[in-house]
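Read through the structure below, which is laid out as structure tokens, and then see the notes.
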Amino acid sequence: MGLSINRSSKHAQRASRTSRWLLGLGALAMVVIGLGLLVLMTQATGNRERYNQNYEWLALINAVVASGLLITILWGAVKLLLRLRRGQFGSRLLVKLAGIFALVGVIPGVLIYVVSYQFVSRSIESWFDVKVEAALVAGLNLGRATLDTLSTDLSKQARVAATQLSDVPDVSAGIALEKIREQIGVSDVVLWTSSGRMVASAGQSRFQIRPERPPLQQLKVARQKGSVEWVEGFDEAISGGDKGRITALVLLPQSGLAFDEGRRLLQVTQDLPPTLVNNALEVQAAYREYQERALARDGLRRMYIGTLTLSLFLAVLGAILLAVVLGNQLARPLLLLAHGMRQVASGDLTPKLALQGKDELGGLTRSFADMTQQLLDARTHVQRSLVQLDTARGNLQTILDNLTAGVMVLDAQGVIQSANPGATRILRVPVAAHQGLPLPNLPGLESFAQGVAEQFATLRLDKDAHELDHWQKSFEIHTTGQGLTETAVTLLARGAVLPDGMRLLVFDDISEIVSAERAQAWGEVARRLAHEIKNPLTPIQLSAERLQRKLVGKLDAQDDAVLHKSVKTIVDQVDAMKRLVNEFRDYARLPSADLKPVQLNTLISDLMVLYANEPADQIPRAPVVTSLDPACPPILGDEQQLRQVIHNLLQNAQDACEIKGVVPQGAHVGLRTEWNASRNRVRLTVTDTGSGFEPNILKRAFEPYVTTKAKGTGLGLAVVKKIADEHVAKIELGNVMQDGEIKGAQVSLSFALESTVSSTHQFTH
């Protein structure tokens with residue numbers, strides 16, 4: 001997701017940058033084109049010919065560019081007004097900046113336009129002043145008078161030279177012409193016939209293959225009037241171009257009786273100074289342009305004012321467009337920051353756009369983007385930490401829920417704040433339903449709650465004196481019965497004060513541990529008792545039997561009967577004491593199991609032979625009904641100890657079926673085996689049809705000497721439990737229930753197979 005957001009942000013940034021570049025390039029192109037056209041129009045205004053040719057096109061194109069700028073500005077203004085109407089963030093700032101920059105550009109432009117308008121109007125009027133026109137006319141007349149004087153002088157000199165050439169023959173005319181050219185200081189001298197054929201020349205024309213002939217009109221005038229002069233180069237010449245010159249064509253005097261067709265003409269050409277020619281041309285051009293502009297004074301005024309107005313329009317539109325662009329450029333970083341701040345304030349820490357400019361605003365946007373990224377990283381880290389904390393809390397809760405120990409949190413007043421399921425299981429009270437209530441409100445646990453409160457009070461006092469941080473004590477709850485039938489749940493509780501002032505109470509059910517310790521203690525008692533009792537039993541029995549042998553026949557019949565009965569009583573009680581001692585010995589010194597593969601069904605079948613062929617003189621016992629699963633595989637066990645287990649269970653079951661020494665009709669003992677393939681275990685179950693186990697006996701049935709039978713030591717199930725532990729077997733006690741009534745007792749042992757027992761022993765060792 002984060003990756004998709006980053007990509008979309010980059011795409012939007014790229015698209016925005018592209019649109020801005022296109023808009024900026026378009027506006028710049030229009031401004032450049034407008035300024036270029038304006039420059040061209042200004043140049044055309046100063047050149048009459050270019051003005052006549054291109055002014056209308058230039059004005060039209062400038063108007064089109066100005067219209068484009070105006071449309072662009074109007075489009076931007078409409079877009080900005082729409083944003084302002086929609087209440088889009090940053091619109092007011094853009095309007096304010098655009099207005100400020102537009103005023104900064106428009107007001108000076110309008111002021112300059114007003115001043116320039118007055119200046120242009122008055123300047124044009126000053127151009128057409130009467131003194132200026134008189135000066136131009138005087139300069140033009142001066143130039144004309146100067147040219148006329150130079151032409152008259154050249155004509156006089158040409159007539160004098162013509163008189164000298166009148167008697168010179170054509171053959172020697174070239175030398176004479178060279179002398180004449182040097183005398184009068186002209187650039188070119190040519191002698192022509194009346195028909196226009198060159199006779200001789202001196203000066204520049206001598207190097208020309210075909211010198212330029214005088215115009216026919218000038219030849220005709222010279223023949224008629226005797227001389228003619230004209231000025232050349234003022235109509236075609238420009239400043240810095242061909243030189244102006246004065247040419248005089250003089251008819252040579254007639255010598256003798258020559259005909260007019262044979263008369264010759266002398267052409268004299270004198271170059272004018274370039275300065276004179278240029279000044280004359282400039283005065284002539286200035287006068288002509290002055291006359292033209294004087295005739296178009298109003299049009300010229302409109303042209304300059306129109307150019308100035310168009311310049312102002314382009315400048316104002318450009319200034320407004322530039323104001324919008326600059327305002328957008330200035331406002332964009334601020335808008336980015338403001339928009340980013342609003343997103344951050346709303347909790348959106350996605351990557352923010354940052355300008356890449358080198359100014360302070362660009363650096364500010366980059367710093368804000370970096371700060372947002374750091375906040376995002378910090379929040380991600382915090383969220384990750386929260387997830388880890390939630391996971392740890394969940395794991396802790398799972399651990400607490402699956403702890404065999406009970407855990408409770410109390411406040412300083414002893415009110416239950418929380419508890420795990422183990423507390424409900426151990427206390428046998430729905431603790432969760434009492435959450436928010438004081439601990440003494442738990443039914444049947446008032447003494448426990450009082451003891452806990454006393455221990456916390458003592459801890460508070462001892463902590464100040466001895467710096468203790470916890471207390472530990474055992475409690476007994478749910479006590480029922482008396483003597484051997486007494487049952488109770490023994491708790492080992494530990495308390496501590498948490499840093500926030502709450503109280504932590506941890507407790508565990510150590511009833512089984514207490515029972516195991518009690519069994520161990522009874523085993524030690526049995527061992528010592530068997531040792532102390534067994535020694536005097538044999539002497540007692542032997543003394544009684546010896547006394548009987550010595551007194552037989554020496555007493556009368558009545559005393560002999562008493563003696564016989566007393567000795568028999570002593571011997572029987574000694575045998576009973578020996579059996580009791582042997583049971584004590586067997587319980588205290590049960591040997592370690594020699595585990596080997598044993599087929600449980602075969603072992604049961606062998607034992608059933610003993611129970612099927614009971615002596616006839618004995619009291620009838622409840623029959624044993626077997627149900628053996630042929631699929632049971634061999635288990636790993638000690639055959640001798642397993643025989644003892646089965647024998648003890650069957651004996652107890654048969655004893656339970658009797659009512660005051662009589663076996664009721666229909667009473668029986670069930671013995672069955674079952675193979676559980678899914679759990680890979682063999683189950684042995686013994687059931688009876690007696691009265692079942694009492695609730696208080698179920699809790700302490702495996703403890704030594706705990707029994708409700710009139711006869712027996714209460715060591716049978718204790719021995720069975722020890723043998724089951726040696727075989728890593730699971731033993732369970734219960735009652736057979738039918739329609740809510742107890743129909744007998746049931747003892748089950750679940751044996752593992754050979755491989756499972758081997759691995760368990762290896763793990764234990």
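Every chain in the structure tokens has a letter given in the order shown (A, B, ...), and although residue numbers restart at 1 in each chain, ligands are simply numbered from 1 in the order shown.
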**Q.** Residues within 8 Å of range 426-428 of chain A, only C-alpha atoms, excluding chain neighbours under 3 positions, as JSON, numbers by chain
**A.** {"A": [405, 406, 422, 423, 508, 509]}
Q: List every residue of range 89-281 of chain A that DSSP, applied to the backbone of this structure, assigns to strand (DSSP E), and report them as a PyMOL selection string.
A: chain A and resi 188-193+198-203+227-232+245-251+264-271
Can those selected residues be exported to a file as a CSV table (one decimal), in the first residue's frame so that it contains N, CA, C and O atoms?
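Here's the written file again01.csv:
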```csv
chain,number,residue,atom,x,y,z
A,188,ASP,N,37.5,64.5,-66.0
A,188,ASP,CA,37.4,63.8,-67.3
A,188,ASP,C,37.1,64.9,-68.3
A,188,ASP,O,36.3,65.8,-68.1
A,189,VAL,N,37.8,64.7,-69.5
A,189,VAL,CA,37.6,65.6,-70.7
A,189,VAL,C,37.4,64.7,-71.9
A,189,VAL,O,38.3,63.9,-72.2
A,190,VAL,N,36.3,64.9,-72.7
A,190,VAL,CA,36.1,64.1,-73.9
A,190,VAL,C,35.7,65.0,-75.0
A,190,VAL,O,34.9,65.9,-74.8
A,191,LEU,N,36.2,64.7,-76.2
A,191,LEU,CA,35.9,65.4,-77.4
A,191,LEU,C,35.0,64.6,-78.3
A,191,LEU,O,35.4,63.4,-78.6
A,192,TRP,N,33.8,65.1,-78.6
A,192,TRP,CA,32.8,64.3,-79.4
A,192,TRP,C,32.5,65.0,-80.7
A,192,TRP,O,32.7,66.2,-80.8
A,193,THR,N,32.1,64.2,-81.6
A,193,THR,CA,31.6,64.8,-82.8
A,193,THR,C,30.1,65.1,-82.6
A,193,THR,O,29.5,64.6,-81.6
A,198,MET,N,33.2,59.6,-80.3
A,198,MET,CA,34.3,60.1,-79.5
A,198,MET,C,35.5,60.3,-80.3
A,198,MET,O,35.9,59.4,-81.0
A,199,VAL,N,36.1,61.5,-80.2
A,199,VAL,CA,37.3,61.8,-81.0
A,199,VAL,C,38.5,61.6,-80.1
A,199,VAL,O,39.5,60.9,-80.6
A,200,ALA,N,38.6,62.1,-78.9
A,200,ALA,CA,39.7,61.9,-78.0
A,200,ALA,C,39.2,62.1,-76.6
A,200,ALA,O,38.1,62.7,-76.4
A,201,SER,N,40.0,61.6,-75.6
A,201,SER,CA,39.5,61.8,-74.2
A,201,SER,C,40.8,61.9,-73.4
A,201,SER,O,41.9,61.5,-73.7
A,202,ALA,N,40.6,62.4,-72.2
A,202,ALA,CA,41.6,62.5,-71.2
A,202,ALA,C,41.0,62.3,-69.8
A,202,ALA,O,39.9,62.8,-69.6
A,203,GLY,N,41.6,61.6,-69.0
A,203,GLY,CA,41.1,61.3,-67.6
A,203,GLY,C,40.5,59.9,-67.5
A,203,GLY,O,41.1,59.0,-68.1
A,227,SER,N,26.1,75.6,-75.4
A,227,SER,CA,26.6,74.9,-74.2
A,227,SER,C,25.4,74.4,-73.4
A,227,SER,O,24.3,75.0,-73.5
A,228,VAL,N,25.7,73.4,-72.6
A,228,VAL,CA,24.7,72.9,-71.7
A,228,VAL,C,25.4,72.2,-70.5
A,228,VAL,O,26.5,71.7,-70.7
A,229,GLU,N,24.8,72.4,-69.3
A,229,GLU,CA,25.4,71.7,-68.1
A,229,GLU,C,24.3,71.0,-67.3
A,229,GLU,O,23.2,71.5,-67.3
A,230,TRP,N,24.7,70.0,-66.7
A,230,TRP,CA,23.7,69.3,-65.8
A,230,TRP,C,24.5,68.6,-64.7
A,230,TRP,O,25.7,68.4,-64.7
A,231,VAL,N,23.7,68.3,-63.7
A,231,VAL,CA,24.2,67.6,-62.5
A,231,VAL,C,23.7,66.1,-62.4
A,231,VAL,O,22.5,65.9,-62.6
A,232,GLU,N,24.6,65.2,-62.2
A,232,GLU,CA,24.2,63.8,-62.1
A,232,GLU,C,24.5,63.2,-60.7
A,232,GLU,O,25.4,63.7,-60.0
A,245,ARG,N,28.4,64.4,-59.7
A,245,ARG,CA,29.3,65.1,-60.6
A,245,ARG,C,28.5,66.1,-61.5
A,245,ARG,O,27.3,66.0,-61.6
A,246,ILE,N,29.3,67.1,-62.0
A,246,ILE,CA,28.7,68.2,-62.9
A,246,ILE,C,29.3,68.0,-64.3
A,246,ILE,O,30.5,67.9,-64.4
A,247,THR,N,28.5,67.9,-65.2
A,247,THR,CA,29.0,67.7,-66.6
A,247,THR,C,28.6,69.0,-67.4
A,247,THR,O,27.4,69.4,-67.4
A,248,ALA,N,29.5,69.5,-68.3
A,248,ALA,CA,29.3,70.6,-69.2
A,248,ALA,C,29.6,70.2,-70.6
A,248,ALA,O,30.7,69.7,-70.8
A,249,LEU,N,28.7,70.4,-71.5
A,249,LEU,CA,28.9,70.1,-72.9
A,249,LEU,C,28.9,71.4,-73.7
A,249,LEU,O,27.8,72.1,-73.7
A,250,VAL,N,30.1,71.7,-74.4
A,250,VAL,CA,30.2,73.0,-75.1
A,250,VAL,C,30.5,72.7,-76.5
A,250,VAL,O,31.4,71.9,-76.9
A,251,LEU,N,29.9,73.5,-77.4
A,251,LEU,CA,30.1,73.4,-78.9
A,251,LEU,C,31.4,74.2,-79.2
A,251,LEU,O,31.5,75.4,-78.8
A,264,ARG,N,32.6,69.9,-83.6
A,264,ARG,CA,32.9,69.0,-82.5
A,264,ARG,C,32.4,69.7,-81.2
A,264,ARG,O,32.2,70.9,-81.1
A,265,LEU,N,32.2,68.8,-80.1
A,265,LEU,CA,31.7,69.2,-78.8
A,265,LEU,C,32.7,68.7,-77.8
A,265,LEU,O,33.2,67.6,-77.8
A,266,LEU,N,32.9,69.6,-76.8
A,266,LEU,CA,33.8,69.3,-75.7
A,266,LEU,C,33.0,69.0,-74.4
A,266,LEU,O,32.2,69.9,-74.0
A,267,GLN,N,33.2,67.8,-73.9
A,267,GLN,CA,32.5,67.4,-72.6
A,267,GLN,C,33.5,67.5,-71.5
A,267,GLN,O,34.5,66.8,-71.5
A,268,VAL,N,33.1,68.2,-70.4
A,268,VAL,CA,34.0,68.4,-69.3
A,268,VAL,C,33.2,67.9,-68.0
A,268,VAL,O,32.1,68.3,-67.8
A,269,THR,N,33.8,67.0,-67.3
A,269,THR,CA,33.1,66.4,-66.1
A,269,THR,C,33.9,66.6,-64.9
A,269,THR,O,35.1,66.3,-64.8
A,270,GLN,N,33.3,67.2,-63.8
A,270,GLN,CA,33.9,67.5,-62.6
A,270,GLN,C,33.2,66.8,-61.4
A,270,GLN,O,32.0,66.9,-61.3
A,271,ASP,N,33.9,65.9,-60.6
A,271,ASP,CA,33.3,65.3,-59.5
A,271,ASP,C,33.1,66.2,-58.3
A,271,ASP,O,33.9,67.1,-58.1
```
Would you pick out the contacts of Ser627 in chain A at 12 Å or less, using only C-alpha atoms, so that residues sharing its chain but fewer than 2 positions from it are not included, and give the list as a JSON list (two decimals) with C-alpha atoms, in the first residue's frame?
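Generated file (result17.json):
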```json
[["chain", "number", "residue", "atom", "x", "y", "z"],
["A", 601, "ASN", "CA", -4.66, -60.37, 27.15],
["A", 604, "ILE", "CA", -5.37, -61.75, 32.09],
["A", 605, "SER", "CA", -6.33, -65.14, 30.71],
["A", 608, "MET", "CA", -8.75, -65.81, 35.20],
["A", 624, "VAL", "CA", -15.48, -61.78, 36.83],
["A", 625, "VAL", "CA", -16.66, -61.08, 33.25],
["A", 629, "ASP", "CA", -9.79, -56.83, 22.51],
["A", 630, "PRO", "CA", -7.80, -59.17, 20.24],
["A", 632, "CYS", "CA", -4.28, -55.17, 21.55],
["A", 669, "VAL", "CA", -16.97, -57.62, 38.11],
["A", 670, "GLY", "CA", -16.07, -56.45, 34.57],
["A", 671, "LEU", "CA", -12.58, -56.72, 33.14],
["A", 672, "ARG", "CA", -11.91, -55.52, 29.61],
["A", 673, "THR", "CA", -9.05, -54.38, 27.36],
["A", 674, "GLU", "CA", -9.26, -51.93, 24.51],
["A", 675, "TRP", "CA", -6.83, -50.82, 21.79],
["A", 683, "ARG", "CA", -6.56, -49.45, 28.06],
["A", 684, "LEU", "CA", -7.35, -51.83, 30.98],
["A", 685, "THR", "CA", -10.67, -51.21, 32.76],
["A", 686, "VAL", "CA", -12.09, -52.90, 35.87],
["A", 687, "THR", "CA", -15.70, -52.18, 36.87]]
```
Q: Might you pull out every residue within 10 Å of Ala176 in chain A, with only C-alpha atoms counted and same-chain residues fewer than 5 positions away left off, and present them as a ChimeraX atom specification?
A: /A:161,164-165,168-170,181,200-202
Write the residues of the selection above to a file with all heavy atoms, as a compact mmCIF listing (two decimals), in the first residue's frame.
```
# COMPACT_ATOMS: atom_id res chain seq x y z
N ALA A 161 38.17 76.55 -72.87
CA ALA A 161 38.92 75.42 -73.39
C ALA A 161 38.50 75.08 -74.80
O ALA A 161 39.32 74.66 -75.64
CB ALA A 161 38.72 74.21 -72.47
N GLN A 164 40.33 77.09 -77.29
CA GLN A 164 41.70 76.63 -77.51
C GLN A 164 41.74 75.41 -78.43
O GLN A 164 42.72 75.18 -79.13
CB GLN A 164 42.36 76.28 -76.17
CG GLN A 164 42.51 77.46 -75.24
CD GLN A 164 43.07 77.05 -73.89
OE1 GLN A 164 43.41 75.88 -73.70
NE2 GLN A 164 43.22 78.02 -72.97
N LEU A 165 40.68 74.63 -78.44
CA LEU A 165 40.67 73.39 -79.25
C LEU A 165 40.08 73.58 -80.63
O LEU A 165 39.99 72.61 -81.40
CB LEU A 165 39.88 72.29 -78.51
CG LEU A 165 40.51 71.72 -77.25
CD1 LEU A 165 39.53 70.77 -76.58
CD2 LEU A 165 41.79 71.00 -77.59
N VAL A 168 42.73 72.80 -83.22
CA VAL A 168 43.54 71.59 -83.00
C VAL A 168 42.93 70.46 -83.82
O VAL A 168 41.72 70.19 -83.72
CB VAL A 168 43.57 71.21 -81.52
CG1 VAL A 168 44.34 69.90 -81.32
CG2 VAL A 168 44.20 72.33 -80.71
N PRO A 169 43.77 69.79 -84.61
CA PRO A 169 43.23 68.66 -85.41
C PRO A 169 42.92 67.46 -84.49
O PRO A 169 43.35 67.37 -83.35
CB PRO A 169 44.36 68.36 -86.37
CG PRO A 169 45.59 68.85 -85.72
CD PRO A 169 45.20 70.03 -84.90
N ASP A 170 42.18 66.54 -85.07
CA ASP A 170 41.75 65.37 -84.29
C ASP A 170 42.93 64.50 -83.86
O ASP A 170 42.89 63.85 -82.80
CB ASP A 170 40.78 64.51 -85.11
CG ASP A 170 39.46 65.25 -85.36
OD1 ASP A 170 39.18 66.22 -84.62
OD2 ASP A 170 38.71 64.82 -86.25
N ARG A 181 42.61 69.40 -69.16
CA ARG A 181 42.12 68.75 -67.93
C ARG A 181 42.95 69.20 -66.73
O ARG A 181 42.45 69.45 -65.64
CB ARG A 181 42.18 67.22 -68.08
CG ARG A 181 41.54 66.48 -66.91
CD ARG A 181 41.69 64.99 -67.11
NE ARG A 181 43.07 64.57 -66.91
CZ ARG A 181 43.62 64.34 -65.74
NH1 ARG A 181 42.93 64.49 -64.62
NH2 ARG A 181 44.89 63.96 -65.66
N ALA A 200 38.55 62.08 -78.95
CA ALA A 200 39.68 61.89 -78.03
C ALA A 200 39.16 62.11 -76.62
O ALA A 200 38.09 62.69 -76.40
CB ALA A 200 40.81 62.86 -78.35
N SER A 201 39.96 61.64 -75.64
CA SER A 201 39.54 61.78 -74.24
C SER A 201 40.76 61.88 -73.35
O SER A 201 41.86 61.46 -73.74
CB SER A 201 38.69 60.58 -73.81
OG SER A 201 39.45 59.39 -73.86
N ALA A 202 40.55 62.39 -72.18
CA ALA A 202 41.61 62.49 -71.18
C ALA A 202 40.96 62.32 -69.81
O ALA A 202 39.89 62.84 -69.55
CB ALA A 202 42.32 63.84 -71.29
```
Q | Distance criterion (only C-alpha atoms): nearest to Val567 in chain A out of A:Leu555, A:Ile184, A:Leu542, A:Val598 | A | A:Leu542
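Taking CA of Ala319 in chain A and CA of Thr365 in chain A as the two end points, the separation is 27.4 Å.
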Q.
Which of range 425-454 of chain A end up as helix (DSSP H, G or I) when DSSP is run on this backbone - answer as a PyMOL selection string?
A. chain A and resi 425-427+431-434+439-441+446-454
Limited to N, CA, C and O atoms, could you put the picked residues into a file as a compact mmCIF listing (two decimals), in the first residue's frame?
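Output below, filename selection.txt:
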```txt
# COMPACT_ATOMS: atom_id res chain seq x y z
N ARG A 425 -10.48 -22.80 37.99
CA ARG A 425 -10.35 -24.25 38.12
C ARG A 425 -9.86 -24.65 39.51
O ARG A 425 -10.37 -25.62 40.10
N ILE A 426 -8.92 -23.92 40.06
CA ILE A 426 -8.36 -24.29 41.36
C ILE A 426 -9.32 -23.94 42.49
O ILE A 426 -9.57 -24.75 43.40
N LEU A 427 -9.90 -22.72 42.43
CA LEU A 427 -10.79 -22.30 43.50
C LEU A 427 -12.18 -22.90 43.39
O LEU A 427 -12.96 -22.82 44.35
N VAL A 431 -14.61 -17.20 39.03
CA VAL A 431 -13.98 -15.93 39.42
C VAL A 431 -14.29 -14.82 38.43
O VAL A 431 -14.48 -13.66 38.81
N ALA A 432 -14.35 -15.16 37.12
CA ALA A 432 -14.61 -14.13 36.12
C ALA A 432 -15.96 -13.46 36.35
O ALA A 432 -16.13 -12.26 36.08
N ALA A 433 -16.95 -14.22 36.86
CA ALA A 433 -18.26 -13.63 37.13
C ALA A 433 -18.23 -12.68 38.31
O ALA A 433 -19.13 -11.84 38.47
N HIS A 434 -17.21 -12.78 39.14
CA HIS A 434 -17.09 -11.90 40.32
C HIS A 434 -16.06 -10.80 40.11
O HIS A 434 -15.62 -10.17 41.08
N LEU A 439 -12.65 -9.81 47.02
CA LEU A 439 -12.30 -11.23 47.10
C LEU A 439 -13.12 -11.98 48.15
O LEU A 439 -13.50 -13.14 47.91
N PRO A 440 -13.47 -11.37 49.29
CA PRO A 440 -14.30 -12.11 50.27
C PRO A 440 -15.68 -12.48 49.75
O PRO A 440 -16.37 -13.30 50.38
N ASN A 441 -16.13 -11.88 48.63
CA ASN A 441 -17.45 -12.21 48.09
C ASN A 441 -17.47 -13.56 47.40
O ASN A 441 -18.55 -14.05 47.05
N GLU A 446 -14.13 -17.20 52.24
CA GLU A 446 -13.99 -16.06 53.13
C GLU A 446 -12.70 -16.13 53.94
O GLU A 446 -11.98 -15.13 54.08
N SER A 447 -12.39 -17.33 54.48
CA SER A 447 -11.17 -17.47 55.28
C SER A 447 -9.93 -17.28 54.41
O SER A 447 -8.93 -16.68 54.84
N PHE A 448 -10.00 -17.78 53.16
CA PHE A 448 -8.87 -17.60 52.23
C PHE A 448 -8.66 -16.12 51.93
O PHE A 448 -7.53 -15.62 51.95
N ALA A 449 -9.75 -15.40 51.68
CA ALA A 449 -9.64 -13.97 51.39
C ALA A 449 -9.11 -13.22 52.60
O ALA A 449 -8.28 -12.30 52.46
N GLN A 450 -9.55 -13.60 53.79
CA GLN A 450 -9.06 -12.93 55.00
C GLN A 450 -7.57 -13.18 55.20
O GLN A 450 -6.81 -12.27 55.54
N GLY A 451 -7.15 -14.43 54.95
CA GLY A 451 -5.72 -14.74 55.08
C GLY A 451 -4.88 -13.98 54.08
O GLY A 451 -3.79 -13.49 54.40
N VAL A 452 -5.38 -13.86 52.85
CA VAL A 452 -4.64 -13.09 51.82
C VAL A 452 -4.52 -11.63 52.24
O VAL A 452 -3.46 -11.01 52.11
N ALA A 453 -5.61 -11.04 52.72
CA ALA A 453 -5.58 -9.64 53.14
C ALA A 453 -4.59 -9.45 54.29
O ALA A 453 -3.84 -8.46 54.32
N GLU A 454 -4.58 -10.39 55.24
CA GLU A 454 -3.63 -10.28 56.35
C GLU A 454 -2.19 -10.37 55.86
O GLU A 454 -1.31 -9.63 56.35
```
**Q.** range 393-400 of chain A environment, 12 Å, only C-alpha atoms, sequence neighbours closer than 5 positions dropped, as a ChimeraX atom specification
**A.** /A:385-388,405-408,418-423,506
